[in-house]
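Engineer: Structure file target-v5.txt (compact mmCIF, C-alpha atoms) right here:
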```txt
# COMPACT_ATOMS: atom_id res chain seq x y z
CA MET T 1 0.00 0.00 0.00
CA LYS T 2 2.78 2.40 0.87
CA LYS T 3 4.51 1.51 -2.38
CA PHE T 4 1.31 2.25 -4.34
CA LYS T 5 0.85 5.58 -2.55
CA PHE T 6 4.41 6.56 -3.33
CA LEU T 7 3.96 5.76 -7.02
CA PHE T 8 0.71 7.72 -7.11
CA LEU T 9 2.38 10.80 -5.59
CA LEU T 10 5.32 10.48 -7.95
CA LEU T 11 3.03 10.32 -11.00
CA LEU T 12 1.05 13.30 -9.69
CA ALA T 13 4.24 15.30 -9.26
CA LEU T 14 5.43 14.41 -12.75
CA SER T 15 2.03 15.33 -14.19
CA PHE T 16 2.13 18.70 -12.43
CA SER T 17 5.64 19.25 -13.68
CA CYS T 18 4.58 18.57 -17.26
CA VAL T 19 1.65 20.99 -16.96
CA THR T 20 3.94 23.63 -15.50
CA ASP T 21 6.50 23.10 -18.28
CA ASP T 22 3.74 23.30 -20.89
CA ASN T 23 2.45 26.53 -19.39
CA GLU T 24 5.96 27.97 -19.27
CA SER T 25 6.50 27.00 -22.91
CA GLU T 26 3.22 28.65 -23.87
CA ASN T 27 4.17 31.81 -21.99
CA GLN T 28 7.59 31.84 -23.61
CA GLU T 29 6.06 31.42 -27.06
CA GLN T 30 3.66 34.27 -26.38
CA GLU T 31 6.53 36.47 -25.21
CA GLN T 32 8.56 35.62 -28.31
CA GLU T 33 5.65 36.54 -30.55
CA ILE T 34 5.69 40.13 -29.26
CA VAL T 35 8.37 41.89 -31.28
CA GLY T 36 8.68 45.64 -30.94
CA TYR T 37 5.33 47.14 -31.86
CA SER T 38 3.92 43.89 -33.23
CA ASN T 39 0.82 44.27 -31.03
CA ILE T 40 -0.01 47.22 -33.30
CA LYS T 41 1.79 46.52 -36.60
CA LYS T 42 0.31 43.22 -37.66
CA ASP T 43 -1.68 42.02 -40.65
CA SER T 44 -4.98 42.96 -39.02
CA TRP T 45 -3.76 46.36 -37.79
CA ARG T 46 -6.51 48.29 -39.60
CA ASN T 47 -9.08 46.62 -37.34
CA GLN T 48 -7.54 48.59 -34.47
CA ILE T 49 -7.76 52.04 -36.09
CA GLY T 50 -9.13 54.54 -33.59
CA GLN T 51 -7.92 52.58 -30.58
CA GLU T 52 -5.50 54.12 -28.09
CA PHE T 53 -2.06 52.58 -27.52
CA GLU T 54 0.80 53.31 -25.15
CA VAL T 55 4.29 52.66 -26.52
CA GLU T 56 7.89 53.32 -25.52
CA GLY T 57 10.95 53.87 -27.66
CA ILE T 58 13.55 56.32 -28.95
CA LEU T 59 12.16 59.23 -30.94
CA ILE T 60 13.88 60.62 -34.02
CA VAL T 61 12.64 63.53 -36.12
CA GLU T 62 14.17 64.15 -39.55
CA ASN T 63 12.65 65.72 -42.67
CA GLN T 64 9.73 66.82 -40.46
CA ALA T 65 8.96 63.11 -40.04
CA ALA T 66 8.87 61.53 -36.58
CA LYS T 67 9.16 57.86 -35.78
CA LEU T 68 9.69 55.79 -32.66
CA LEU T 69 12.43 53.13 -32.71
CA VAL T 70 12.63 50.08 -30.49
CA SER T 71 16.44 50.06 -30.66
CA GLN T 72 18.94 52.84 -31.25
CA ASN T 73 20.95 50.39 -33.36
CA ASP T 74 18.25 50.42 -36.03
CA TYR T 75 18.97 54.09 -36.71
CA TYR T 76 22.48 53.29 -37.88
CA VAL T 77 21.47 50.53 -40.31
CA ASP T 78 21.66 51.42 -44.00
CA GLY T 79 18.81 49.14 -44.97
CA LEU T 80 15.20 48.49 -44.13
CA ILE T 81 14.45 47.56 -40.56
CA ASP T 82 11.74 45.17 -39.40
CA GLU T 83 8.44 47.02 -39.71
CA ARG T 84 7.59 45.91 -36.17
CA ASN T 85 10.63 47.77 -34.80
CA TYR T 86 9.40 51.29 -35.56
CA ILE T 87 6.18 53.23 -35.82
CA HIS T 88 5.42 56.65 -37.24
CA ILE T 89 4.37 59.39 -34.85
CA ASN T 90 2.17 62.36 -35.66
CA MET T 91 0.33 64.89 -33.55
CA ASP T 92 -2.98 66.65 -33.69
CA SER T 93 -2.79 69.93 -35.62
CA ASP T 94 -4.08 71.79 -32.55
CA LEU T 95 -0.78 70.95 -30.80
CA GLU T 96 1.53 72.38 -33.46
CA ASN T 97 2.14 75.61 -31.53
CA GLU T 98 2.50 73.88 -28.18
CA LEU T 99 4.45 70.70 -28.83
CA ASN T 100 7.82 70.52 -30.59
CA LEU T 101 8.81 66.91 -31.17
CA ASN T 102 12.35 67.99 -32.07
CA GLU T 103 12.95 68.66 -28.37
CA TYR T 104 12.62 64.93 -27.74
CA TYR T 105 15.06 63.89 -30.47
CA GLY T 106 17.11 60.82 -29.54
CA LYS T 107 15.51 60.41 -26.10
CA LYS T 108 13.56 57.46 -24.74
CA VAL T 109 9.94 58.48 -24.42
CA LYS T 110 6.51 57.07 -23.68
CA ILE T 111 3.85 57.98 -26.20
CA THR T 112 0.11 57.60 -25.83
CA GLY T 113 -1.73 57.99 -29.08
CA THR T 114 -4.56 56.90 -31.33
CA LEU T 115 -3.85 54.53 -34.19
CA LYS T 116 -4.52 56.01 -37.62
CA VAL T 117 -3.57 55.52 -41.25
CA SER T 118 -0.80 57.87 -42.37
CA ASN T 119 -1.78 60.43 -44.99
CA ASN T 120 1.85 61.28 -45.75
CA GLU T 121 2.24 60.99 -49.54
CA ASN T 122 5.74 59.57 -49.12
CA TYR T 123 4.49 56.70 -47.00
CA LEU T 124 1.51 56.02 -49.27
CA SER T 125 3.80 55.71 -52.29
CA THR T 126 6.32 53.43 -50.61
CA SER T 127 3.77 51.21 -48.85
CA GLN T 128 3.74 48.94 -51.93
CA ILE T 129 7.37 48.12 -51.14
CA LEU T 130 7.32 48.27 -47.34
CA GLY T 131 3.88 46.74 -46.88
CA ASP T 132 0.54 48.15 -45.74
CA ILE T 133 1.61 48.10 -42.09
CA SER T 134 4.17 50.82 -42.87
CA LEU T 135 1.21 53.24 -42.86
CA ALA T 136 0.43 52.62 -39.18
CA THR T 137 0.78 55.89 -37.26
CA LEU T 138 0.12 56.92 -33.68
CA LEU T 139 -1.51 60.33 -33.31
CA ILE T 140 -0.71 62.32 -30.15
CA ASN T 141 -3.91 64.07 -29.12
CA ASN T 142 -2.78 66.12 -26.12
CA LEU T 143 0.35 67.44 -24.41
CA SER T 144 0.42 64.59 -21.93
CA GLY T 145 0.67 62.14 -24.83
CA ILE T 146 4.46 62.24 -24.72
CA GLN T 147 6.66 61.81 -21.65
CA ILE T 148 10.44 61.55 -21.33
CA LEU T 149 11.45 58.28 -19.68
CA SER T 150 15.18 58.95 -19.64
CA PRO T 151 17.19 62.19 -19.96
CA THR T 152 19.91 60.25 -21.78
CA VAL T 153 20.28 61.10 -25.46
CA PHE T 154 20.57 57.68 -27.10
CA ILE T 155 20.84 59.05 -30.64
CA SER T 156 22.59 62.39 -31.13
CA ARG T 157 21.11 64.63 -33.77
CA PRO T 158 23.54 64.64 -36.73
CA GLU T 159 24.45 68.03 -38.09
CA PHE T 160 24.69 68.85 -41.75
CA TYR T 161 28.35 68.88 -42.55
CA ASN T 162 29.86 71.97 -44.23
CA VAL T 163 32.84 70.69 -46.19
CA CYS T 164 34.19 74.09 -47.26
CA ILE T 165 34.31 75.45 -43.71
CA ARG T 166 36.10 72.42 -42.30
CA TYR T 167 38.25 71.61 -45.32
CA PRO T 168 38.66 74.78 -47.41
CA GLN T 169 41.34 73.11 -49.55
CA LEU T 170 38.65 70.85 -51.00
CA CYS T 171 36.77 73.91 -52.23
CA GLU T 172 39.73 75.66 -53.86
CA PHE T 173 39.14 73.93 -57.15
CA ASP T 174 41.37 73.83 -60.18
CA PHE T 175 38.72 73.35 -62.82
CA SER T 176 40.60 71.16 -65.25
CA GLN T 177 38.91 69.67 -68.28
CA GLU T 178 39.94 66.10 -67.61
CA ASN T 179 37.90 63.37 -69.28
CA LYS T 180 36.08 62.35 -66.12
CA THR T 181 32.39 62.01 -65.31
CA ALA T 182 30.61 61.12 -62.09
CA LEU T 183 27.19 60.16 -60.83
CA ILE T 184 26.30 60.44 -57.13
CA TYR T 185 23.02 58.78 -56.18
CA SER T 186 21.13 58.79 -52.89
CA GLY T 187 17.45 57.84 -52.86
CA GLY T 188 16.05 57.68 -49.34
CA ILE T 189 12.88 55.56 -49.70
CA ASN T 190 10.74 58.16 -47.87
CA ASP T 191 11.00 60.93 -45.29
CA GLY T 192 11.24 58.43 -42.46
CA TYR T 193 14.33 56.78 -43.93
CA ALA T 194 16.18 59.73 -45.49
CA TYR T 195 18.64 60.38 -42.68
CA MET T 196 20.87 63.45 -42.49
CA ARG T 197 24.06 61.43 -42.88
CA TYR T 198 23.27 60.63 -46.50
CA TRP T 199 23.36 64.29 -47.46
CA ASN T 200 26.72 64.62 -45.69
CA ASP T 201 28.06 61.68 -47.69
CA VAL T 202 26.84 63.21 -50.94
CA LYS T 203 28.32 66.63 -50.21
CA PHE T 204 31.70 65.33 -49.15
CA MET T 205 31.97 63.09 -52.20
CA TYR T 206 31.01 65.93 -54.54
CA SER T 207 33.68 68.20 -53.07
CA ILE T 208 36.35 65.49 -53.32
CA LEU T 209 35.52 64.88 -56.98
CA LEU T 210 35.90 68.57 -57.81
CA ASP T 211 39.22 68.58 -55.99
CA LYS T 212 40.35 65.54 -58.02
CA GLY T 213 39.72 67.30 -61.33
CA TYR T 214 36.19 66.21 -62.23
CA PRO T 215 34.65 69.14 -64.14
CA GLU T 216 31.57 70.52 -62.43
CA ASP T 217 29.49 70.05 -65.58
CA ASN T 218 30.48 66.38 -65.65
CA ILE T 219 29.12 65.57 -62.19
CA ARG T 220 25.43 64.81 -61.71
CA VAL T 221 23.85 64.55 -58.27
CA VAL T 222 20.62 62.55 -58.01
CA TYR T 223 19.14 63.06 -54.56
CA LYS T 224 15.83 62.43 -52.83
CA ASN T 225 13.15 64.80 -54.20
CA GLY T 226 15.61 66.83 -56.28
CA ILE T 227 16.21 69.41 -53.54
CA GLY T 228 19.29 69.48 -51.31
CA GLU T 229 19.15 69.95 -47.56
CA ASP T 230 21.18 73.15 -48.01
CA SER T 231 22.71 75.06 -50.92
CA ASP T 232 26.32 73.88 -50.50
CA ILE T 233 26.22 71.76 -53.66
CA PRO T 234 23.80 71.43 -56.57
CA VAL T 235 21.22 68.67 -56.91
CA HIS T 236 20.47 68.02 -60.57
CA TYR T 237 17.74 65.41 -60.52
CA ALA T 238 15.22 63.81 -58.21
CA ALA T 239 15.90 60.21 -57.20
CA ASN T 240 13.11 58.70 -59.24
CA GLN T 241 13.25 56.66 -62.42
CA THR T 242 12.99 59.72 -64.66
CA GLY T 243 15.70 61.58 -62.77
CA LEU T 244 18.11 58.65 -62.81
CA ASN T 245 17.50 58.00 -66.51
CA ASN T 246 18.13 61.67 -67.26
CA ALA T 247 21.38 61.62 -65.29
CA PHE T 248 22.69 58.60 -67.20
CA SER T 249 21.60 60.14 -70.49
CA TYR T 250 23.27 63.46 -69.69
CA LEU T 251 26.57 61.86 -68.70
CA GLY T 252 26.49 59.42 -71.61
CA ASN T 253 26.44 62.36 -74.02
CA ARG T 254 29.63 63.71 -72.40
CA MET T 255 31.55 60.43 -72.43
CA ASN T 256 33.67 58.53 -74.92
CA SER T 257 35.95 55.49 -75.02
CA ASN T 258 38.62 57.37 -73.01
CA THR T 259 36.36 58.53 -70.17
CA LYS T 260 36.87 57.64 -66.51
CA PHE T 261 33.47 57.15 -64.87
CA PHE T 262 32.90 57.38 -61.12
CA LEU T 263 29.72 56.08 -59.47
CA MET T 264 28.64 56.46 -55.86
CA MET T 265 25.50 54.66 -54.71
CA ASN T 266 24.46 55.78 -51.24
CA ASN T 267 21.63 55.36 -48.76
CA HIS T 268 19.62 52.16 -48.23
CA GLY T 269 19.75 48.74 -49.81
CA GLY T 270 17.50 45.70 -49.81
CA GLY T 271 18.50 42.13 -50.44
CA ASN T 272 17.69 38.48 -50.08
CA ASP T 273 17.21 38.24 -46.32
CA THR T 274 14.81 41.17 -46.18
CA TYR T 275 12.26 39.50 -48.45
CA ASN T 276 9.21 39.39 -46.21
CA PRO T 277 5.79 40.41 -47.53
CA SER T 278 4.51 41.21 -44.02
CA TYR T 279 7.45 43.07 -42.55
CA GLY T 280 9.28 44.98 -45.26
CA ASN T 281 9.20 43.41 -48.73
CA SER T 282 12.41 44.81 -50.21
CA GLY T 283 13.47 41.70 -52.10
CA ILE T 284 12.84 41.48 -55.84
CA ILE T 285 12.65 37.97 -57.22
CA ASP T 286 15.50 37.44 -59.71
CA SER T 287 13.95 37.01 -63.15
CA ASN T 288 17.04 36.28 -65.24
CA GLY T 289 18.99 33.94 -62.98
CA ASP T 290 22.06 36.15 -62.72
CA ASP T 291 21.94 36.05 -58.92
CA ASN T 292 22.68 32.34 -59.01
CA ARG T 293 26.39 32.32 -59.81
CA ALA T 294 29.86 31.88 -58.37
CA GLY T 295 28.60 29.48 -55.72
CA ILE T 296 25.78 31.85 -54.69
CA ASN T 297 22.13 30.92 -54.99
CA ASP T 298 19.76 33.49 -53.57
CA ASN T 299 17.18 34.10 -56.34
CA VAL T 300 16.72 37.73 -55.26
CA ASP T 301 17.99 40.92 -56.89
CA GLU T 302 19.50 43.69 -54.78
CA GLN T 303 17.50 46.90 -54.60
CA PHE T 304 18.64 50.47 -53.91
CA PHE T 305 15.36 52.42 -53.83
CA TYR T 306 14.04 55.54 -55.41
CA TYR T 307 12.56 58.28 -53.25
CA ASN T 308 8.84 58.27 -52.60
CA SER T 309 8.24 55.58 -55.21
CA SER T 310 6.95 52.02 -55.41
CA THR T 311 9.08 51.31 -58.50
CA ALA T 312 11.96 48.92 -57.87
CA LEU T 313 15.54 50.08 -58.52
CA THR T 314 17.52 46.87 -58.98
CA ASP T 315 21.13 45.91 -59.59
CA ASP T 316 20.13 44.59 -63.02
CA PHE T 317 18.65 47.94 -64.04
CA LEU T 318 21.73 49.84 -62.86
CA ALA T 319 24.03 47.43 -64.68
CA SER T 320 22.12 47.94 -67.92
CA LYS T 321 22.54 51.71 -67.61
CA ILE T 322 26.22 51.49 -66.70
CA ASN T 323 27.08 49.06 -69.47
CA ALA T 324 25.44 51.33 -72.05
CA LEU T 325 27.87 54.15 -71.21
CA PRO T 326 30.96 54.66 -73.39
CA MET T 327 33.97 54.58 -71.05
CA ASN T 328 37.54 53.45 -70.59
CA SER T 329 37.37 52.73 -66.84
CA MET T 330 35.05 52.90 -63.86
CA ILE T 331 35.28 53.30 -60.08
CA ALA T 332 32.14 52.29 -58.20
CA VAL T 333 31.75 53.06 -54.49
CA VAL T 334 28.58 51.33 -53.30
CA LYS T 335 27.48 52.02 -49.74
CA PRO T 336 24.03 50.47 -49.09
CA CYS T 337 23.26 47.20 -47.32
CA TYR T 338 23.75 44.06 -49.42
CA SER T 339 25.98 46.13 -51.74
CA GLY T 340 28.27 43.20 -52.51
CA GLY T 341 25.51 41.88 -54.72
CA VAL T 342 26.32 44.44 -57.44
CA ILE T 343 29.88 43.19 -57.98
CA TRP T 344 28.77 40.49 -60.40
CA ASP T 345 26.51 42.95 -62.24
CA PHE T 346 28.98 45.84 -62.44
CA LYS T 347 32.10 43.85 -63.38
CA GLY T 348 34.09 44.69 -66.50
CA PRO T 349 37.61 45.41 -67.72
CA ASN T 350 39.32 48.37 -66.03
CA ARG T 351 36.62 48.57 -63.38
CA VAL T 352 37.18 48.83 -59.64
CA ILE T 353 34.16 48.03 -57.49
CA MET T 354 34.21 48.79 -53.77
CA THR T 355 31.29 47.92 -51.52
CA SER T 356 30.50 48.34 -47.84
CA GLY T 357 29.74 44.64 -47.34
CA THR T 358 28.80 41.37 -48.95
CA GLU T 359 25.49 40.77 -50.69
CA PHE T 360 24.19 39.11 -47.53
CA GLN T 361 25.17 41.82 -45.03
CA VAL T 362 23.44 44.72 -43.41
CA THR T 363 25.88 47.64 -43.25
CA TYR T 364 26.02 50.64 -40.95
CA SER T 365 26.74 54.29 -40.38
CA HIS T 366 29.75 55.62 -38.54
CA THR T 367 29.16 55.77 -34.77
CA SER T 368 28.95 59.58 -35.03
CA GLY T 369 25.95 59.28 -37.32
CA LEU T 370 27.56 61.89 -39.60
CA PHE T 371 28.60 59.53 -42.41
CA GLY T 372 28.42 55.92 -43.43
CA GLU T 373 31.10 53.77 -41.80
CA PHE T 374 32.42 52.68 -45.20
CA THR T 375 32.25 56.14 -46.78
CA TYR T 376 33.82 57.75 -43.72
CA HIS T 377 36.97 55.65 -44.13
CA PHE T 378 36.96 56.05 -47.93
CA PHE T 379 36.90 59.84 -47.50
CA ALA T 380 39.73 59.66 -44.96
CA ALA T 381 41.86 57.50 -47.27
CA VAL T 382 41.55 59.61 -50.43
CA THR T 383 41.87 63.01 -48.68
CA GLY T 384 44.53 62.05 -46.11
CA LYS T 385 42.46 63.49 -43.27
CA ASP T 386 39.90 62.21 -40.81
CA PRO T 387 36.59 63.75 -42.00
CA ILE T 388 35.52 64.63 -38.45
CA THR T 389 38.66 65.47 -36.49
CA GLY T 390 40.82 66.72 -39.34
CA ASN T 391 43.71 64.58 -38.10
CA THR T 392 46.14 63.37 -40.74
CA VAL T 393 45.78 59.76 -41.86
CA ASN T 394 48.10 57.87 -44.17
CA ALA T 395 46.76 55.37 -46.68
CA ASP T 396 49.71 55.82 -49.07
CA LEU T 397 51.30 52.37 -48.89
CA ASN T 398 53.97 52.96 -51.54
CA ALA T 399 54.65 56.60 -50.57
CA ASP T 400 54.14 57.92 -54.10
CA GLY T 401 51.98 60.82 -52.93
CA LYS T 402 48.80 59.39 -54.49
CA ILE T 403 46.07 57.13 -53.13
CA SER T 404 45.02 54.32 -55.44
CA MET T 405 41.73 52.54 -55.04
CA TYR T 406 43.65 49.48 -53.86
CA GLU T 407 45.31 51.57 -51.13
CA ALA T 408 41.95 53.11 -50.19
CA GLN T 409 40.40 49.67 -49.81
CA VAL T 410 43.28 48.39 -47.68
CA TYR T 411 42.82 51.42 -45.42
CA ILE T 412 39.06 50.81 -45.20
CA LEU T 413 39.55 47.16 -44.30
CA ALA T 414 42.04 48.08 -41.56
CA ASN T 415 39.75 50.69 -40.01
CA ASP T 416 36.13 49.66 -40.56
CA ALA T 417 34.88 48.97 -37.04
CA ARG T 418 31.35 47.79 -37.81
CA ASN T 419 30.06 44.26 -38.24
CA GLU T 420 30.50 44.38 -42.00
CA GLN T 421 33.04 43.07 -44.51
CA PRO T 422 33.86 45.61 -47.24
CA GLN T 423 34.34 43.92 -50.62
CA TYR T 424 36.61 44.72 -53.55
CA GLU T 425 36.86 43.61 -57.17
CA ASP T 426 39.21 44.80 -59.89
CA ASP T 427 39.93 41.73 -62.04
CA ASN T 428 36.63 41.34 -63.91
CA ASP T 429 35.74 37.98 -62.36
CA GLY T 430 32.67 39.37 -60.60
CA VAL T 431 33.67 37.94 -57.21
CA GLY T 432 34.28 40.25 -54.28
CA THR T 433 37.13 39.80 -51.84
CA SER T 434 38.25 41.10 -48.45
CA SER T 435 41.89 40.51 -49.46
CA PRO T 436 42.62 42.84 -52.40
CA SER T 437 45.73 42.22 -54.47
CA ALA T 438 48.38 44.85 -55.14
CA SER T 439 48.78 43.43 -58.65
CA GLY T 440 45.27 44.33 -59.83
CA VAL T 441 44.26 47.35 -61.91
CA GLY T 442 43.04 49.06 -58.72
CA ALA T 443 46.64 49.63 -57.68
CA SER T 444 47.06 52.01 -60.62
CA THR T 445 43.54 53.47 -60.53
CA PHE T 446 43.06 56.88 -58.90
CA LEU T 447 40.17 59.28 -58.52
```
Written as structure tokens, how would this file's structure read?
Structural biologist:
Amino acid sequence: MKKFKFLFLLLLALSFSCVTDDNESENQEQEQEIVGYSNIKKDSWRNQIGQEFEVEGILIVENQAAKLLVSQNDYYVDGLIDERNYIHINMDSDLENELNLNEYYGKKVKITGTLKVSNNENYLSTSQILGDISLATLLINNLSGIQILSPTVFISRPEFYNVCIRYPQLCEFDFSQENKTALIYSGGINDGYAYMRYWNDVKFMYSILLDKGYPEDNIRVVYKNGIGEDSDIPVHYAANQTGLNNAFSYLGNRMNSNTKFFLMMNNHGGGNDTYNPSYGNSGIIDSNGDDNRAGINDNVDEQFFYYNSSTALTDDFLASKINALPMNSMIAVVKPCYSGGVIWDFKGPNRVIMTSGTEFQVTYSHTSGLFGEFTYHFFAAVTGKDPITGNTVNADLNADGKISMYEAQVYILANDARNEQPQYEDDNDGVGTSSPSASGVGASTFL
């Protein structure tokens, strides 16, 4: 009898243990399902329109657009972030004279607001790429709808960088008529993604090109909505399909078989591991099979985004435009996430292709938020000065007084501090490497 009682108690204990474990597993699964603002931004989010929600996060305000981020790290990513990790913030028009969201920039706040559908034209246009949930917006209805949770500034507001004030030598141009052309492109997706650092990258690159002898009339800047954030440099075209086509057409008419062509692609990128119809569909299914090569099989084209547009800007389209240009050589500096995916598309004789990472990598800004990490070190290498501090840097490996693209890449690889692997190709095999060779054409290729 005692033995039976013992067995009964043991079985009861085991049964209770199993129930407890099952409950714990259920609770853990429920906890794992809640990602960022996923209780709001889900497939059925429109059923909750008009309901009030309380959320916490880090507020950023750029281009008069405010959004709340779950993590400060997402601000420094040069690609799309999970739609559940941010939400747009707006406020009732009656509060415009009483509430300045800029005062909360970079701080952790609690926001109480009513869920609504964004009427921002930028967001409406890009929702076909980002998904319908990208339109979810919380509306602050009264002054108590925002509270600071921490006085710490988690994300410092980047300033617009004035190149000529900090580096006047870059603005003392000798306008030579060398046979060089350049295209600088920075799209932005929409107001919520067009961070200040991209304009800084564009301006610095433009000034460097002038200093290196690129005639002003041979440089075209394609940026956002066609308007710069200040008047330091010109913007020639809007970053839409028409603007980009016009830029290529303009430069093509000024090029010949002896021309050196420089291309800088900046801002955001989308690739194979961001293909998700529910939470940021930035992947474009590869239609011609060119993304299955050199041991890589991903079936998705890389995308670099227009501004305020649902039209895809793919690596294939860019390659078709580049390959139609008459030229002798090309330098391509490609900053966005998944940028390594263009190496196969852009390859060709006398071409040097430098990217911020592989085609499978998210890439980042510099910790200052002023530039991209990759572009920051590229600027330092080719100018011989740290873009922020002005301290002298030395990327001249052979001490000939000039910085080749090979030397610039070696400097970048030695100094890039982010979780990214800059890639390099100069031998027309279409395969990027993190170990550039001094015997390639890049060693004798200069800006």
Engineer: Could you work out how far atom CA of T:Lys203 lies from atom CA of T:Lys385, giving the answer in Å with one decimal?
Structural biologist: 16.1 Å
Engineer: Would you mind listing what lies within 12 Å of T:Ser320 as a ChimeraX atom specification, with all atoms listed in the file counted and same-chain residues fewer than 4 positions away left out?
Structural biologist: /T:245,248,313-316,324-325,342,345-347
Engineer: How many Å separate atom CA of T:Arg157 from atom CA of T:Pro234?
Structural biologist: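 It comes out at 23.9 Å.
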Engineer: Given the choices T:Ser368, T:Ile331, T:Met354, T:Asp82, which gets closest to T:Ser444 if the distance is worked out from all atoms listed in the file?
Structural biologist: T:Ile331
Engineer: Smallest atom-to-atom distance to T:Glu178: which of T:Leu447, T:Ser404, T:His366, T:Thr355, using all atoms listed in the file?
Structural biologist: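 Ranking T:Leu447, T:Ser404, T:His366, T:Thr355 by distance to T:Glu178, first place goes to T:Leu447.
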Engineer: Expressed in Å to a single decimal, how great is the separation between atom CA of T:Asp416 and atom CA of T:Phe379?
Structural biologist: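 Taking atom CA of T:Asp416 as the start and atom CA of T:Phe379 as the end point, the length is 12.3 Å.
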Engineer: Quick one: residues within 12 Å of T:Asp132, all atoms listed in the file, excluding same-chain residues fewer than 2 positions away - as JSON, numbers by chain?
Structural biologist: {"T": [41, 42, 43, 44, 45, 46, 83, 117, 118, 123, 124, 125, 126, 127, 128, 129, 130, 134, 135, 136, 137, 277, 278, 279, 280, 281]}
Engineer: Using only C-alpha atoms, which protein or nucleic acid residues come within 6 Å of stretch 64-80 of chain T? Drop anything in the same chain fewer than 6 positions from it, and give the result as a PyMOL selection string.
Structural biologist: chain T and resi 36+57-58+86-89+192+268-269+336-337+363-365
Engineer: Give the answer as one residue: which of T:Ile146, T:Val441, T:Lys402, T:Ile81 has the shortest atom-to-atom distance to T:Tyr104, using only C-alpha atoms?
Structural biologist: T:Ile146
Engineer: Hey, what's within 6 Å of stretch 256-260 of chain T if we count all atoms listed in the file and toss same-chain stuff fewer than 4 positions away? As a list of chain:residue names, please?
Structural biologist: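 The residues satisfying every condition are T:Asn179, T:Lys180, T:Pro326, T:Met327, T:Asn328, T:Ser329, T:Met330.
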Engineer: Check the smallest atom-to-atom distance from each of T:Gly384, T:Asn240, T:Ile227, T:Asn85 to T:Ile133 using only C-alpha atoms, then report the winner.
Structural biologist: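 Distance minimum relative to T:Ile133 lands on T:Asn85.
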Engineer: Mind working out the centre and edge lengths of an axis-aligned box for stretch 366-385 of chain T, all listed atoms inside, 6 Å added to each side, rounded to one decimal in Å and written as AutoDock Vina command-line options?
Structural biologist:
```
--center_x 35.2 --center_y 58.1 --center_z -42.6 --size_x 30.6 --size_y 22.8 --size_z 27.7
```
Engineer: Please write as a list in words the list of polymer residues whose atoms come within 6 Å of (9.5, 63.2, -31.3), counting only C-alpha atoms and keeping to the coordinates of the file.
Structural biologist: Leu59, Ile60, Val61, Ala66, Leu101, Asn102, Tyr104 and Tyr105 of chain T
Engineer: May I ask you to restore N, CA and C atoms in stretch 327-339 of chain T and write the result as a JSON list (two decimals), keeping the file's coordinate frame?
Structural biologist:
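Final output, rebuild26.json:
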```
[["chain", "number", "residue", "atom", "x", "y", "z"],
["T", 327, "MET", "N", 32.99, 54.24, -72.07],
["T", 327, "MET", "CA", 33.97, 54.58, -71.05],
["T", 327, "MET", "C", 35.23, 53.76, -71.24],
["T", 328, "ASN", "N", 36.30, 54.21, -70.61],
["T", 328, "ASN", "CA", 37.54, 53.45, -70.59],
["T", 328, "ASN", "C", 37.69, 52.70, -69.27],
["T", 329, "SER", "N", 37.21, 53.34, -68.17],
["T", 329, "SER", "CA", 37.37, 52.73, -66.84],
["T", 329, "SER", "C", 36.26, 53.23, -65.93],
["T", 330, "MET", "N", 36.08, 52.52, -64.81],
["T", 330, "MET", "CA", 35.05, 52.90, -63.86],
["T", 330, "MET", "C", 35.51, 52.61, -62.44],
["T", 331, "ILE", "N", 35.15, 53.52, -61.52],
["T", 331, "ILE", "CA", 35.28, 53.30, -60.08],
["T", 331, "ILE", "C", 33.87, 53.36, -59.51],
["T", 332, "ALA", "N", 33.46, 52.30, -58.83],
["T", 332, "ALA", "CA", 32.14, 52.29, -58.20],
["T", 332, "ALA", "C", 32.31, 52.15, -56.69],
["T", 333, "VAL", "N", 31.76, 53.09, -55.95],
["T", 333, "VAL", "CA", 31.75, 53.06, -54.49],
["T", 333, "VAL", "C", 30.30, 52.87, -54.07],
["T", 334, "VAL", "N", 29.98, 51.70, -53.54],
["T", 334, "VAL", "CA", 28.58, 51.33, -53.30],
["T", 334, "VAL", "C", 28.38, 51.11, -51.80],
["T", 335, "LYS", "N", 27.59, 51.99, -51.19],
["T", 335, "LYS", "CA", 27.48, 52.02, -49.74],
["T", 335, "LYS", "C", 26.35, 51.18, -49.14],
["T", 336, "PRO", "N", 25.19, 51.03, -49.79],
["T", 336, "PRO", "CA", 24.03, 50.47, -49.09],
["T", 336, "PRO", "C", 24.22, 49.03, -48.59],
["T", 337, "CYS", "N", 23.29, 48.59, -47.75],
["T", 337, "CYS", "CA", 23.26, 47.20, -47.32],
["T", 337, "CYS", "C", 23.19, 46.28, -48.54],
["T", 338, "TYR", "N", 23.77, 45.09, -48.39],
["T", 338, "TYR", "CA", 23.75, 44.06, -49.42],
["T", 338, "TYR", "C", 24.47, 44.50, -50.70],
["T", 339, "SER", "N", 25.34, 45.52, -50.57],
["T", 339, "SER", "CA", 25.98, 46.13, -51.74],
["T", 339, "SER", "C", 26.88, 45.18, -52.50]]
```
